[in-house]
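Source file: entry-v9.cif. Holds: mmCIF, C-alpha atoms.
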data_entry
loop_
_atom_site.label_atom_id
_atom_site.label_comp_id
_atom_site.auth_asym_id
_atom_site.auth_seq_id
_atom_site.Cartn_x
_atom_site.Cartn_y
_atom_site.Cartn_z
CA MET A 1 -0.39 20.62 -2.61
CA SER A 2 2.17 18.19 -1.21
CA LEU A 3 1.38 15.54 1.35
CA LEU A 4 3.37 17.40 3.98
CA ASP A 5 1.44 20.58 3.23
CA ARG A 6 -1.86 18.79 3.40
CA LEU A 7 -1.00 17.19 6.71
CA ALA A 8 0.22 20.50 8.06
CA THR A 9 -3.07 22.08 7.02
CA ARG A 10 -5.01 19.40 8.80
CA ARG A 11 -2.79 19.74 11.85
CA ASN A 12 -3.63 23.41 12.01
CA GLU A 13 -7.31 22.68 11.49
CA SER A 14 -7.40 20.14 14.27
CA GLY A 15 -5.49 22.33 16.64
CA THR A 16 -3.46 19.36 17.80
CA GLU A 17 0.04 18.17 17.19
CA ALA A 18 0.73 14.95 15.34
CA THR A 19 3.59 14.02 17.55
CA SER A 20 3.43 11.31 20.11
CA PRO A 21 3.52 12.07 23.80
CA SER A 22 6.99 13.11 24.77
CA THR A 23 9.13 10.00 24.85
CA PRO A 24 12.51 11.37 23.95
CA GLU A 25 14.25 8.23 25.15
CA ASP A 26 12.79 6.13 22.36
CA PRO A 27 14.90 5.99 19.21
CA VAL A 28 13.60 7.36 15.93
CA PHE A 29 14.24 6.15 12.42
CA ALA A 30 13.39 7.63 9.06
CA THR A 31 10.70 5.81 7.12
CA LYS A 32 10.42 5.97 3.36
CA ALA A 33 7.20 4.09 2.84
CA LEU A 34 4.94 5.65 5.44
CA ARG A 35 4.61 8.84 3.46
CA LYS A 36 3.44 6.92 0.41
CA PHE A 37 1.05 4.92 2.55
CA LEU A 38 -0.41 8.14 3.94
CA ALA A 39 -0.72 9.59 0.46
CA SER A 40 -2.69 6.52 -0.53
CA LEU A 41 -5.00 6.92 2.45
CA LEU A 42 -5.52 10.59 1.66
CA SER A 43 -6.71 9.71 -1.82
CA HIS A 44 -9.80 8.24 -0.19
CA GLU A 45 -12.53 10.19 1.49
CA ALA A 46 -13.00 9.06 5.10
CA PRO A 47 -10.49 6.23 4.77
CA SER A 48 -10.83 3.10 6.79
CA LEU A 49 -7.62 1.81 8.37
CA LEU A 50 -6.76 -1.54 9.97
CA ASP A 51 -3.85 -1.49 12.43
CA LEU A 52 -2.59 -4.95 13.36
CA GLY A 53 -0.22 -3.69 16.03
CA PRO A 54 -0.77 -2.82 19.68
CA VAL A 55 -2.87 0.25 20.19
CA VAL A 56 -0.80 3.43 20.30
CA GLY A 57 -2.66 6.53 21.38
CA ALA A 58 -0.49 8.87 19.35
CA ASN A 59 -1.14 6.85 16.19
CA VAL A 60 -4.87 6.87 16.81
CA THR A 61 -4.72 10.64 17.18
CA PHE A 62 -2.60 10.98 14.06
CA PHE A 63 -4.83 8.88 11.84
CA GLY A 64 -8.12 9.93 13.40
CA GLU A 65 -7.66 13.65 13.84
CA GLN A 66 -5.33 14.50 10.99
CA LEU A 67 -6.29 12.05 8.31
CA GLY A 68 -9.94 11.60 9.23
CA CYS A 69 -9.55 7.83 9.27
CA LYS A 70 -11.84 5.38 10.91
CA ILE A 71 -9.33 3.15 12.68
CA PHE A 72 -9.73 -0.51 13.53
CA VAL A 73 -7.23 -1.84 16.05
CA GLU A 74 -6.63 -5.58 16.15
CA ASP A 75 -3.50 -6.38 18.12
CA LEU A 76 -2.40 -9.65 16.56
CA PHE A 77 0.89 -9.57 18.47
CA ALA A 78 -1.15 -10.02 21.64
CA ALA A 79 -3.12 -12.79 19.98
CA LEU A 80 0.13 -14.51 19.00
CA ASP A 81 1.33 -14.26 22.60
CA ARG A 82 -1.89 -15.84 23.86
CA HIS A 83 -1.42 -18.77 21.50
CA VAL A 84 2.19 -19.24 22.57
CA HIS A 85 1.37 -19.09 26.27
CA GLY A 86 -1.62 -21.40 25.80
CA GLY A 87 0.40 -23.95 23.81
CA LYS A 88 -2.04 -23.55 20.92
CA LEU A 89 0.20 -22.42 18.11
CA GLU A 90 -1.20 -25.07 15.79
CA GLU A 91 -4.55 -23.27 16.02
CA LEU A 92 -3.10 -19.92 15.00
CA PRO A 93 -3.70 -20.18 11.22
CA GLU A 94 -7.38 -20.96 11.77
CA PHE A 95 -7.64 -18.20 14.35
CA LEU A 96 -6.17 -15.69 11.91
CA THR A 97 -8.60 -16.82 9.25
CA LYS A 98 -11.59 -16.18 11.50
CA ARG A 99 -10.48 -13.26 13.65
CA LEU A 100 -11.11 -10.49 11.13
CA SER A 101 -14.78 -10.77 10.31
CA GLN A 102 -15.25 -7.57 8.35
CA PRO A 103 -16.68 -7.78 4.82
CA ASP A 104 -14.47 -7.94 1.74
CA GLY A 105 -12.83 -4.66 0.77
CA THR A 106 -13.49 -2.96 4.10
CA PHE A 107 -10.13 -1.22 4.51
CA ASP A 108 -8.40 1.43 2.42
CA GLY A 109 -5.18 0.85 4.32
CA ILE A 110 -3.68 -1.94 6.41
CA LEU A 111 -0.70 -1.52 8.72
CA CYS A 112 1.00 -4.85 9.36
CA TRP A 113 4.15 -3.37 10.88
CA ASP A 114 6.61 -6.30 11.31
CA LEU A 115 4.03 -8.93 12.30
CA PHE A 116 4.91 -11.36 9.51
CA ASP A 117 8.44 -11.82 10.88
CA TYR A 118 6.91 -13.45 13.96
CA LEU A 119 4.60 -15.88 12.19
CA ASP A 120 5.25 -19.38 10.93
CA ARG A 121 4.58 -19.91 7.24
CA ALA A 122 1.11 -21.41 7.63
CA SER A 123 -0.03 -18.56 9.87
CA ALA A 124 1.56 -15.97 7.61
CA GLN A 125 -0.23 -17.34 4.56
CA ALA A 126 -3.55 -17.56 6.40
CA LEU A 127 -3.26 -13.95 7.51
CA ALA A 128 -2.07 -12.68 4.13
CA THR A 129 -5.06 -14.32 2.44
CA GLU A 130 -7.41 -12.57 4.86
CA LEU A 131 -5.71 -9.21 4.39
CA MET A 132 -5.97 -9.46 0.62
CA ARG A 133 -9.69 -10.06 1.04
CA LEU A 134 -10.13 -7.15 3.43
CA LEU A 135 -8.19 -4.60 1.41
CA ALA A 136 -10.34 -2.41 -0.78
CA PRO A 137 -9.50 -1.87 -4.45
CA ASP A 138 -6.87 0.88 -4.70
CA GLY A 139 -6.03 0.26 -1.05
CA ALA A 140 -2.51 0.00 0.36
CA LEU A 141 -0.89 -2.46 2.75
CA LEU A 142 2.34 -1.62 4.52
CA GLY A 143 4.64 -4.21 6.05
CA PHE A 144 8.09 -4.16 7.61
CA PHE A 145 10.32 -7.18 7.15
CA GLY A 146 13.60 -7.85 8.90
CA ASN A 147 16.59 -8.42 6.69
CA THR A 148 18.78 -10.15 9.24
CA GLN A 149 18.26 -12.93 11.75
CA SER A 150 17.58 -11.63 15.23
CA HIS A 151 17.46 -13.63 18.44
CA GLU A 152 15.83 -10.86 20.43
CA ILE A 153 12.57 -12.01 21.95
CA ARG A 154 10.84 -8.69 21.72
CA TYR A 155 8.19 -6.99 19.69
CA THR A 156 8.45 -3.46 18.45
CA LYS A 157 5.82 -0.81 18.96
CA TYR A 158 5.93 1.84 16.23
CA ILE A 159 4.85 5.36 17.06
CA ILE A 160 4.30 7.85 14.28
CA VAL A 161 6.26 11.04 14.89
CA ASP A 162 5.39 12.52 11.53
CA GLU A 163 5.04 11.34 7.95
CA VAL A 164 8.73 10.57 7.59
CA ASN A 165 9.78 9.52 11.08
CA LEU A 166 8.83 6.64 13.32
CA ARG A 167 9.71 6.24 16.94
CA TYR A 168 10.02 2.68 18.19
CA ARG A 169 9.84 1.01 21.52
CA ARG A 170 10.70 -2.64 22.26
CA TYR A 171 8.54 -4.68 24.60
CA PRO A 172 8.57 -8.30 25.77
CA ALA A 173 7.30 -11.02 23.44
CA ALA A 174 6.38 -14.65 23.97
CA ARG A 175 8.69 -15.70 21.16
CA GLY A 176 11.13 -14.13 18.77
CA ARG A 177 11.20 -13.65 15.02
CA GLN A 178 10.59 -16.89 13.16
CA VAL A 179 11.95 -16.32 9.70
CA THR A 180 13.73 -13.83 7.54
CA LEU A 181 11.49 -13.82 4.51
CA LEU A 182 13.07 -13.41 1.12
CA ASN A 183 11.54 -10.79 -1.13
CA ARG A 184 10.07 -13.43 -3.40
CA ASP A 185 8.47 -15.18 -0.41
CA ILE A 186 6.89 -11.92 0.68
CA ILE A 187 5.53 -11.27 -2.77
CA ARG A 188 4.15 -14.81 -2.96
CA LEU A 189 2.24 -14.24 0.26
CA PHE A 190 0.17 -11.59 -1.51
CA PRO A 191 -0.45 -12.87 -5.04
CA SER A 192 -3.38 -10.53 -5.70
CA LEU A 193 -1.45 -7.40 -4.68
CA ARG A 194 1.37 -5.67 -6.47
CA VAL A 195 4.46 -4.20 -4.86
CA SER A 196 4.18 -0.46 -5.20
CA ASP A 197 7.37 0.49 -3.35
CA SER A 198 10.13 -1.31 -1.54
CA PHE A 199 12.85 0.26 0.57
CA LEU A 200 15.78 -1.19 2.44
CA LEU A 201 16.48 1.06 5.39
CA GLN A 202 19.81 1.53 7.11
CA ASN A 203 18.52 -0.42 10.10
CA ASN A 204 18.10 -3.47 7.81
CA THR A 205 14.35 -3.23 7.73
CA ARG A 206 12.62 -3.68 4.41
CA GLU A 207 9.55 -1.54 4.03
CA ILE A 208 7.24 -2.93 1.41
CA LEU A 209 4.12 -1.15 0.25
CA PHE A 210 1.56 -3.26 -1.58
CA ARG A 211 -1.35 -1.93 -3.58
CA LYS A 212 -4.53 -3.61 -4.68
CA LEU A 213 -5.48 -2.73 -8.20
CA ALA A 214 -8.56 -0.57 -8.53
CA MET B 215 -20.94 25.85 42.91
CA GLU B 216 -19.66 22.44 43.84
CA ARG B 217 -20.21 19.81 41.21
CA GLU B 218 -21.84 16.64 42.46
CA ILE B 219 -20.36 13.31 41.53
CA VAL B 220 -22.35 10.18 42.17
CA ASN B 221 -20.45 7.01 42.95
CA ILE B 222 -21.62 3.46 42.32
CA GLY B 223 -19.63 1.38 44.74
CA LYS B 224 -17.70 -1.82 44.25
CA SER B 225 -20.40 -4.12 45.58
CA ILE B 226 -23.19 -2.68 43.40
CA VAL B 227 -24.44 -4.63 40.39
CA ILE B 228 -26.87 -2.93 38.01
CA LYS B 229 -28.59 -4.59 35.07
CA GLY B 230 -30.67 -2.45 32.77
CA GLU B 231 -30.79 1.16 31.68
CA LEU B 232 -28.86 3.78 33.61
CA ASN B 233 -29.73 7.42 32.87
CA GLY B 234 -28.50 10.50 34.64
CA SER B 235 -27.90 14.22 34.56
CA GLU B 236 -24.85 14.46 36.75
CA ASP B 237 -21.32 13.14 36.65
CA LEU B 238 -21.02 9.50 37.65
CA THR B 239 -18.21 7.23 38.78
CA ILE B 240 -18.74 3.49 38.59
CA GLU B 241 -16.67 1.12 40.68
CA GLY B 242 -19.18 -1.72 40.51
CA GLN B 243 -20.72 -3.68 37.67
CA VAL B 244 -23.21 -2.43 35.13
CA GLU B 245 -24.79 -4.37 32.29
CA GLY B 246 -27.13 -2.75 29.80
CA THR B 247 -27.11 0.88 28.70
CA ILE B 248 -25.61 3.96 30.31
CA GLN B 249 -26.67 7.44 29.22
CA LEU B 250 -25.17 10.59 30.70
CA ARG B 251 -25.59 12.82 27.71
CA ASP B 252 -24.15 16.01 29.16
CA HIS B 253 -21.94 14.63 31.86
CA VAL B 254 -18.76 12.78 32.62
CA LEU B 255 -18.78 9.05 33.17
CA THR B 256 -15.77 7.58 34.95
CA ILE B 257 -15.26 3.84 35.05
CA GLY B 258 -13.08 3.41 38.11
CA PRO B 259 -10.29 0.84 38.44
CA ASN B 260 -12.76 -1.65 39.91
CA GLY B 261 -15.55 -0.88 37.46
CA ARG B 262 -16.72 -3.64 35.11
CA ILE B 263 -19.09 -2.49 32.38
CA LYS B 264 -20.89 -4.54 29.76
CA ALA B 265 -22.95 -1.84 28.19
CA GLN B 266 -23.53 0.62 25.42
CA VAL B 267 -22.32 3.94 26.78
CA PHE B 268 -23.40 7.45 25.78
CA ALA B 269 -21.92 10.42 27.62
CA LYS B 270 -20.25 13.77 27.17
CA SER B 271 -16.91 12.42 28.35
CA VAL B 272 -15.88 8.94 29.33
CA VAL B 273 -12.81 8.12 31.42
CA VAL B 274 -11.90 4.45 31.61
CA LEU B 275 -9.68 3.08 34.34
CA GLY B 276 -11.49 -0.26 34.63
CA GLU B 277 -13.02 -2.57 32.02
CA VAL B 278 -15.60 -1.77 29.39
CA THR B 279 -17.10 -4.24 26.97
CA GLY B 280 -19.41 -2.46 24.58
CA ASN B 281 -19.54 0.54 22.31
CA VAL B 282 -18.76 3.98 23.71
CA THR B 283 -20.07 7.20 22.23
CA ALA B 284 -18.92 10.52 23.68
CA THR B 285 -19.70 13.98 22.38
CA ASP B 286 -16.48 15.39 23.82
CA LYS B 287 -13.79 12.86 24.73
CA VAL B 288 -12.97 9.25 25.50
CA ASP B 289 -9.95 8.79 27.72
CA ILE B 290 -8.62 5.28 28.28
CA ARG B 291 -6.07 5.44 31.05
CA ASP B 292 -3.19 3.15 31.90
CA ASN B 293 -4.61 -0.31 32.75
CA GLY B 294 -7.99 0.73 31.41
CA SER B 295 -9.55 -1.71 28.97
CA VAL B 296 -12.12 -1.27 26.21
CA ASP B 297 -13.44 -3.96 23.90
CA GLY B 298 -15.79 -2.12 21.60
CA ASP B 299 -16.10 0.70 19.14
CA LEU B 300 -15.42 4.30 20.09
CA VAL B 301 -17.15 7.29 18.54
CA SER B 302 -15.87 10.61 19.78
CA PRO B 303 -14.17 13.70 18.37
CA ARG B 304 -11.30 13.24 20.81
CA VAL B 305 -9.78 9.98 21.94
CA ALA B 306 -6.81 9.53 24.24
CA ILE B 307 -5.37 6.09 24.84
CA ALA B 308 -2.60 5.77 27.39
CA GLU B 309 0.42 3.51 27.20
CA GLY B 310 -0.53 0.31 28.97
CA ALA B 311 -4.21 0.55 28.10
CA HIS B 312 -5.98 -2.27 26.28
CA PHE B 313 -8.19 -1.52 23.33
CA ARG B 314 -9.78 -3.67 20.69
CA GLY B 315 -12.27 -2.20 18.28
CA SER B 316 -12.65 0.77 16.02
CA VAL B 317 -12.17 4.48 16.57
CA ASP B 318 -14.31 6.97 14.69
CA MET B 319 -13.33 10.54 15.51
CA GLN B 320 -16.22 12.10 13.71
CA ARG B 321 -16.40 15.85 13.96
CA LYS B 322 -18.99 18.51 13.56
CA GLY B 323 -18.68 21.32 11.03
CA ALA B 324 -16.28 19.30 8.97
CA ALA B 325 -14.54 20.64 5.93
CA GLN B 326 -13.96 18.50 2.90
CA PRO B 327 -10.53 16.93 2.69
CA ALA B 328 -7.99 18.43 0.35
CA ALA B 329 -7.55 15.07 -1.29
CA LYS B 330 -9.59 14.19 -4.32
CA PRO B 331 -12.72 12.41 -3.15
CA VAL B 332 -13.40 9.03 -4.61
CA ALA B 333 -16.55 6.99 -4.62
CA ALA B 334 -17.12 5.02 -1.48
CA GLN B 335 -16.00 1.43 -1.76
CA ALA B 336 -18.58 -1.25 -1.58
CA ASN B 337 -18.86 -2.62 1.93
CA THR B 338 -16.68 0.13 3.31
CA PRO B 339 -18.20 1.44 6.52
CA GLN B 340 -19.02 5.09 6.11
CA PRO B 341 -19.41 7.46 9.00
CA ASN B 342 -22.61 9.39 9.18
CA VAL B 343 -20.88 12.74 9.40
CA PRO B 344 -17.98 14.20 7.43
CA GLN B 345 -14.61 13.14 8.72
CA VAL B 346 -12.28 16.06 8.35
CA ALA B 347 -13.10 18.98 10.49
CA GLN B 348 -12.19 22.46 11.40
CA ARG B 349 -12.10 22.62 15.13
CA ALA B 350 -12.67 25.68 17.15
#
Could you show the structure in this file as structure tokens?
Amino acid sequence: MSLLDRLATRRNESGTEATSPSTPEDPVFATKALRKFLASLLSHEAPSLLDLGPVVGANVTFFGEQLGCKIFVEDLFAALDRHVHGGKLEELPEFLTKRLSQPDGTFDGILCWDLFDYLDRASAQALATELMRLLAPDGALLGFFGNTQSHEIRYTKYIIVDEVNLRYRRYPAARGRQVTLLNRDIIRLFPSLRVSDSFLLQNNTREILFRKLA
Amino acid sequence: MEREIVNIGKSIVIKGELNGSEDLTIEGQVEGTIQLRDHVLTIGPNGRIKAQVFAKSVVVLGEVTGNVTATDKVDIRDNGSVDGDLVSPRVAIAEGAHFRGSVDMQRKGAAQPAAKPVAAQANTPQPNVPQVAQRA
């Protein structure tokens, strides 16, 4: 049974729709990696998911009701904003090291969205090290990485429409993207993970799916 | 029959265990434990809760710090805030709400997932009921 079929079955079982609340004004783009990420989650029974983005009700419903995930929401974009506003950016790497206190291998899936684009190198490495620790063997980590320099000082909230489409909504940020990471820099952030899939989308976003060996 | 709703006003501060068998709206402050097993708990816009909450349904318009367990639904409205873990078969989180914690939408009468089960990972939190359900 295909992933789409399995999700459709669960949708029927739950009696709810996977789609987000009607927000037709928000643009939608096709995602290549999300489907593979979901397939990885579905290979686990009662998967545990860490979402590093702002809480999105539709995503919670999608992962909780249709995939049976236990979802942990830790909005590190908000934490980054607090550090910027408080003039404490030098404390961010240590904060990221301590913020996620769960035991090793807690999560079967981690959604980073495009968080790493907004971090300085020290913070990015500190967070990546923590995420490698938290990811369970055979778990998957999904990240989006910009491919072009952007001066927009906004974050992006991603809303799952279905397994192949994401809706996005911009919202104000305390600072803009810091770096455009090269592929080799991204891979070096996660030395204990392997790149399972990498896609360059038409909107210049690179979707990279990492896996931790079982 | 008219349904009674009890209101705890803005100036009220309660510390301890709060039990009830009717719907309750809290606009004041409560610290401790709140149990309304078969009823609806509403944390109003002025409500400030530092408590473990057990209810049939919980609607949050104010602030909750603590774990929330609902047998029916947790509804965090715009400007509502929850720092804690949610356990409920249905969870709705509005745009503009704040939430930090985990969501466990455990369900009764669950069917096994179509995916091949694998052994639970060490240290992976496991829910105490099956996760994938057939809902009525």
Please enumerate the residues selected by the PyMOL selection byres ((chain A) within 9 of (chain B)) when evaluated against the supplied file, formatted as a ChimeraX atom specification. /A:1,6,10,12-15,39,42-48,50,54-58,60-61,64-75,102-108,136-137
I need the chosen residues saved as an mmCIF file, keeping the file's coordinate frame, with C-alpha atoms.
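File part.cif, as written:
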data_model
loop_
_atom_site.group_PDB
_atom_site.id
_atom_site.type_symbol
_atom_site.label_atom_id
_atom_site.label_comp_id
_atom_site.auth_asym_id
_atom_site.auth_seq_id
_atom_site.Cartn_x
_atom_site.Cartn_y
_atom_site.Cartn_z
ATOM 1 C CA MET A 1 -0.390 20.620 -2.610
ATOM 2 C CA ARG A 6 -1.860 18.790 3.400
ATOM 3 C CA ARG A 10 -5.010 19.400 8.800
ATOM 4 C CA ASN A 12 -3.630 23.410 12.010
ATOM 5 C CA GLU A 13 -7.310 22.680 11.490
ATOM 6 C CA SER A 14 -7.400 20.140 14.270
ATOM 7 C CA GLY A 15 -5.490 22.330 16.640
ATOM 8 C CA ALA A 39 -0.720 9.590 0.460
ATOM 9 C CA LEU A 42 -5.520 10.590 1.660
ATOM 10 C CA SER A 43 -6.710 9.710 -1.820
ATOM 11 C CA HIS A 44 -9.800 8.240 -0.190
ATOM 12 C CA GLU A 45 -12.530 10.190 1.490
ATOM 13 C CA ALA A 46 -13.000 9.060 5.100
ATOM 14 C CA PRO A 47 -10.490 6.230 4.770
ATOM 15 C CA SER A 48 -10.830 3.100 6.790
ATOM 16 C CA LEU A 50 -6.760 -1.540 9.970
ATOM 17 C CA PRO A 54 -0.770 -2.820 19.680
ATOM 18 C CA VAL A 55 -2.870 0.250 20.190
ATOM 19 C CA VAL A 56 -0.800 3.430 20.300
ATOM 20 C CA GLY A 57 -2.660 6.530 21.380
ATOM 21 C CA ALA A 58 -0.490 8.870 19.350
ATOM 22 C CA VAL A 60 -4.870 6.870 16.810
ATOM 23 C CA THR A 61 -4.720 10.640 17.180
ATOM 24 C CA GLY A 64 -8.120 9.930 13.400
ATOM 25 C CA GLU A 65 -7.660 13.650 13.840
ATOM 26 C CA GLN A 66 -5.330 14.500 10.990
ATOM 27 C CA LEU A 67 -6.290 12.050 8.310
ATOM 28 C CA GLY A 68 -9.940 11.600 9.230
ATOM 29 C CA CYS A 69 -9.550 7.830 9.270
ATOM 30 C CA LYS A 70 -11.840 5.380 10.910
ATOM 31 C CA ILE A 71 -9.330 3.150 12.680
ATOM 32 C CA PHE A 72 -9.730 -0.510 13.530
ATOM 33 C CA VAL A 73 -7.230 -1.840 16.050
ATOM 34 C CA GLU A 74 -6.630 -5.580 16.150
ATOM 35 C CA ASP A 75 -3.500 -6.380 18.120
ATOM 36 C CA GLN A 102 -15.250 -7.570 8.350
ATOM 37 C CA PRO A 103 -16.680 -7.780 4.820
ATOM 38 C CA ASP A 104 -14.470 -7.940 1.740
ATOM 39 C CA GLY A 105 -12.830 -4.660 0.770
ATOM 40 C CA THR A 106 -13.490 -2.960 4.100
ATOM 41 C CA PHE A 107 -10.130 -1.220 4.510
ATOM 42 C CA ASP A 108 -8.400 1.430 2.420
ATOM 43 C CA ALA A 136 -10.340 -2.410 -0.780
ATOM 44 C CA PRO A 137 -9.500 -1.870 -4.450
#
Env of A:Ala140: 8 Å cut, atoms = all atoms listed in the file, seq-sep filter 4 positions within chain, self excluded. Answer as a PyMOL selection string. chain A and resi 37+40-41+108-110+135+209-212
Worksheet item: What do you get, as a list in words, if you spell out every residue that the PyMOL selection byres ((chain A and resi 176) around 9) selects here?
Response: Asp117, Tyr118, Ser150, His151, Glu152, Ile153, Arg154, Tyr155, Ala173, Ala174, Arg175, Arg177 and Gln178 of chain A
Shortest interatomic distance to A:Asn165 - which of A:Leu201, A:Ile187, A:Leu76, A:Leu34, counting only C-alpha atoms: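 So, comparing all the options, the nearest one is A:Leu34.
Atom pair atom CA of B:Lys264 / atom CA of B:Glu277 has a distance of 8.4 Å (rounded to one decimal).
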### Message
Around (16.6, 10.8, 12.5), as given in the file, which residues come within 9 Å? Count all atoms listed in the file and list them as JSON, numbers by chain.
### Response
{"A": [27, 28, 29, 30, 165, 166]}
